[in-house]
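To keep things clear, I will list the structure first and then write my remarks on it.
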There are 2 protein chains.
Amino acid sequence: MASSFKQALPADELRRRVLALAQPADQALKDTLTSHVPYIEQVSGYIIFSGGKRLRPVLYLLAAAAAGGQGQPRQAAIFEYLHAATLLHDDVVDEAGLRRGRPAARTQYGNDAVILVGDFLFSKSYSLAAEVADHRFVNALTDCTTLMAEGQVLELLFTGDYELAEADYRRVIQAKTAVLIAASCQMGAIFAGADDALIESMYTYGMELGMAFQMVDDALDYVGTEHEFGKPVGHDLAEGKITLPFIFARENCGPSQRGRLLELAAAAPTDPAAQAEAKEMVRKAGGVEHTMAQAKAHALAAQEALAALIPPQGPGEHLETLLALAPYVVERRS
Amino acid sequence: MASSFKQALPADELRRRVLALAQPADQALKDTLTSHVPYIEQVSGYIIFSGGKRLRPVLYLLAAAAAGGQGQPRQAAIFEYLHAATLLHDDVVDEAGLRRGRPAARTQYGNDAVILVGDFLFSKSYSLAAEVADHRFVNALTDCTTLMAEGQVLELLFTGDYELAEADYRRVIQAKTAVLIAASCQMGAIFAGADDALIESMYTYGMELGMAFQMVDDALDYVGTEHEFGKPVGHDLAEGKITLPFIFARENCGPSQRGRLLELAAAAPTDPAAQAEAKEMVRKAGGVEHTMAQAKAHALAAQEALAALIPPQGPGEHLETLLALAPYVVERRS
């Protein structure tokens with residue numbers, strides 16, 4: 001596997017290209033987020049138009065274009081709706097107070113409304129998917145949402161399991177995060193009428209990118225400040241969520257420290273001092289660097305998945321943008 | 001509109017025919033309720049295999065057969081999964097303690113697991129729908145689930161609105177109950193390859209049957225005992241849910257009694273004596289009889305929707321069963 005990134009774009013140029021696709025996706029969200037019940041539009045709008053990066057719609061449009069087609073922003077919206085539905089239900093499950101730096105929808109509208117509006121957004125995403133005649137399109141979505149639901153149940157079951165194995169951690173983040181990003185890329189290729197090999201390459205790219213994305217999130221949770229990250233720092237440990245930085249530290253800090261770390265983790269949900277000490281131990285044991293290195297490995301694998309698609313004269317604009325998103329995901333700080 | 005039912009079957013014969021279709025549907029549920037996460041199978045199984053009548057799968061299979069096709073039990077399962085997903089999320093929203101005469105899943109497994117397993121069952125229903133090549137099939141399902149989600153939000157918004165208009169009540173029960181029953185019939189006809197007119201007739205039949213079904217439920221809530229009904233009596237008023245028996249009583253009991261009834265309804269969620277007195281007033285004002293009469297009118301309209309499909313020599317077995325379900329729905333007592 002390559003050890004350095006193949007393609008990079010100046011940050012400004014990458015941002016310009018992403019925004020050029022995020023804007024029509026945003027417009028499609030405004031156009032399609034309609035309901036007979038105005039309150040649903042209000043609650044949905046609160047989560048949908050709260051400054052998300054539109055990463056998934058942008059990936060869908062890029063994958064379609066890189067596969068030689070033209071993705072419709074209308075279908076790009078599917079992935080933002082699904083993402084929002086997941087966030088709404090997740091926030092209820094996590095009893096989250098903040099989301100993207102402001103009060104979570106559930107604290108504004110109540111758990112009940114948020115559960116049901118999540119269901120509405122879930123249906124909305126299927127409505128838009130069903131407009132596409134290729135039956136592979138809806139099939140890919142059903143595989144995705146089934147795996148996502150399984151991943152979220154797994155995450156719930158593993159909450160408070162301080163001995164969580166790395167393999168189980170990977171299973172959770174694959175299902176809860178990477179699968180939707182993979183489906184965004186895969187379904188872009190399907191929409192473009194690509195052949196199975198190209199669809200598979202896009203799926204793998206998205207899966208690896210998604211793994212990298214979540215690992216960076218999990219690393220930042222141990223270092224970021226609330227200001228730059230838009231949610232409370234140390235969120236994961238406070239919720240009993242065991243992620244790779246912790247797992248690496250636990251496995252590499254020696255037997256006596258290991259015992260102490262487990263003790264602190266168990267205390268973290270109710271004791272901010274224990275939480276701070278656990279985070280410090282994880283940082284000192286190199287948990288953050290290890291996780292970032294693993295994230296980089298996945299981002300490199302994402303690029304690798306697209307390698308065979310690059311023609312001799314070099315990638316076209318859209319493939320180039322996909323390649324450039326891999327280092328971006330690892331280097332972002334929010 | 002006809003004022004008496006067109007077709008009746010002896011209760012034993014109707015039961016035999018329904019069971020003959022409920023059994024393969026049940027088997028399909030057992031065969032398809034699989035997950036990589038055993039815990040999901042456990043929570044899903046708790047709600048799915050808790051003695052539901054399989055009304056929706058049976059209607060799907062009957063509609064397919066009456067439309068000249070052969071429905072697959074695998075797709076019949078869609079409607080039970082969707083129904084179960086709705087019940088799971090509803091129970092969280094309603095803070096329900098009992099469901100079908102035993103502890104609601106949320107009291108056994110917690111709200112969090114129940115929300116996420118509901119999402120899983122939702123996905124499962126779409127997975128099974130996506131196996132059908134006819135794009136009208138998934139489209140019908142998306143229309144259904146979108147309306148259902150809207151109906152549940154409406155019901156939430158109207159909770160505690162003791163002045164609820166009858167038109168709004170009808171809008172809620174149509175979306176939360178009748179639409180799924182309508183989709184079961186409609187999609188059976190689509191699966192059978194029926195033409196648009198036949199599909200529409202089946203949809204109307206299911207919609208009217210569903211309205212009748214929910215109205216009977218709402219009437220029984222004012223008269224049934226916990227023993228025969230499997231959930232606490234007076235559930236609706238205790239939850240601030242205003243249904244037709246109450247609306248009729250409120251509009252027909254005279255101004256002074258009206259004020260008293262509204263007072264009692266407002267007190268009902270926390271005061272069992274107020275609840276009992278309100279129920280008594282509703283019964284005395286004829287709210288139950290009126291609701292049952294309205295239910296009967298819808299059941300007659302359900303039969304009417306199928307009238308044009310009856311050949312001169314009389315309905316075949318499946319159409320006959322559909323017709324016979326209309327009086328059954330009105331006459332059932334649980």
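If you're wondering about the labels, chains in the structure tokens are A, B, ... by order shown, residues count from 1 in each chain, ligands from 1 in order shown.
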
Quick one: contact table of chain B to chain A, 7 Å max, nearest atom pair and distance in Å to one decimal per residue, counting only C-alpha atoms, chain and number order, as a tab-separated table?
```
residue	atom	partner	partner_atom	distance
B:Val37	CA	A:Glu150	CA	6.6
B:Val93	CA	A:Asp112	CA	5.0
B:Asp112	CA	A:Val93	CA	5.0
B:Ala113	CA	A:Val153	CA	6.5
B:Leu116	CA	A:Val153	CA	6.1
B:Asp119	CA	A:Ala149	CA	6.1
B:Phe120	CA	A:Ala149	CA	5.0
B:Ser123	CA	A:Thr146	CA	5.3
B:Lys124	CA	A:Thr146	CA	6.6
B:Tyr126	CA	A:Thr142	CA	6.1
B:Ser127	CA	A:Thr142	CA	5.1
B:Ala130	CA	A:Asn139	CA	5.8
B:Ala133	CA	A:His135	CA	6.9
B:His135	CA	A:Ala133	CA	6.9
B:Val138	CA	A:Ala130	CA	6.3
B:Asn139	CA	A:Ala130	CA	5.8
B:Thr142	CA	A:Ser127	CA	5.1
B:Thr145	CA	A:Ser123	CA	5.8
B:Thr146	CA	A:Ser123	CA	5.2
B:Ala149	CA	A:Phe120	CA	5.0
B:Glu150	CA	A:Val37	CA	6.5
B:Gln152	CA	A:Leu116	CA	6.8
B:Val153	CA	A:Leu116	CA	6.1
```

Can you list, as a ChimeraX atom specification, all residues belonging to range 15-257 of chain B that DSSP tags as alpha helix (DSSP H)?
/B:15-32,38-48,55-66,73-94,105-109,111-129,135-158,166-173,179-191,196-223,226-229,235-238,244-252,255-257

Could you check how far CA of Ala326 in chain B sits from CA of Ile310 in chain B, in Å to one decimal?
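Answer for the CA of Ala326 in chain B to CA of Ile310 in chain B separation: 15.4 Å.
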
Long-range neighbours of Phe49 in chain A as JSON, numbers by chain, 9 Å cut-off, only C-alpha atoms, 2 positions minimum in chain:
{"A": [26, 29, 30, 44, 45, 46, 47, 51, 52]}

So that I can check the surroundings of Leu322 in chain A, please list as a list in words every protein, DNA and RNA residue that reaches within 8 Å of it, counting only C-alpha atoms and ignoring chain neighbours fewer than 2 positions away.
Leu59, Leu62, Ala63, His318, Leu319, Glu320, Ala324, Leu325 and Ala326 of chain A

Of the candidates A:Ala197, A:Ala96, A:Ala192, A:Val330, which one gets nearest to Ala67 in chain A if we count only C-alpha atoms?
A:Ala192

Mind the document's chain letters and residue numbers, and return as a PyMOL selection string the residues of range 60-121 of chain A that DSSP labels strand (DSSP E or B).
chain A and resi 98-99+102-103
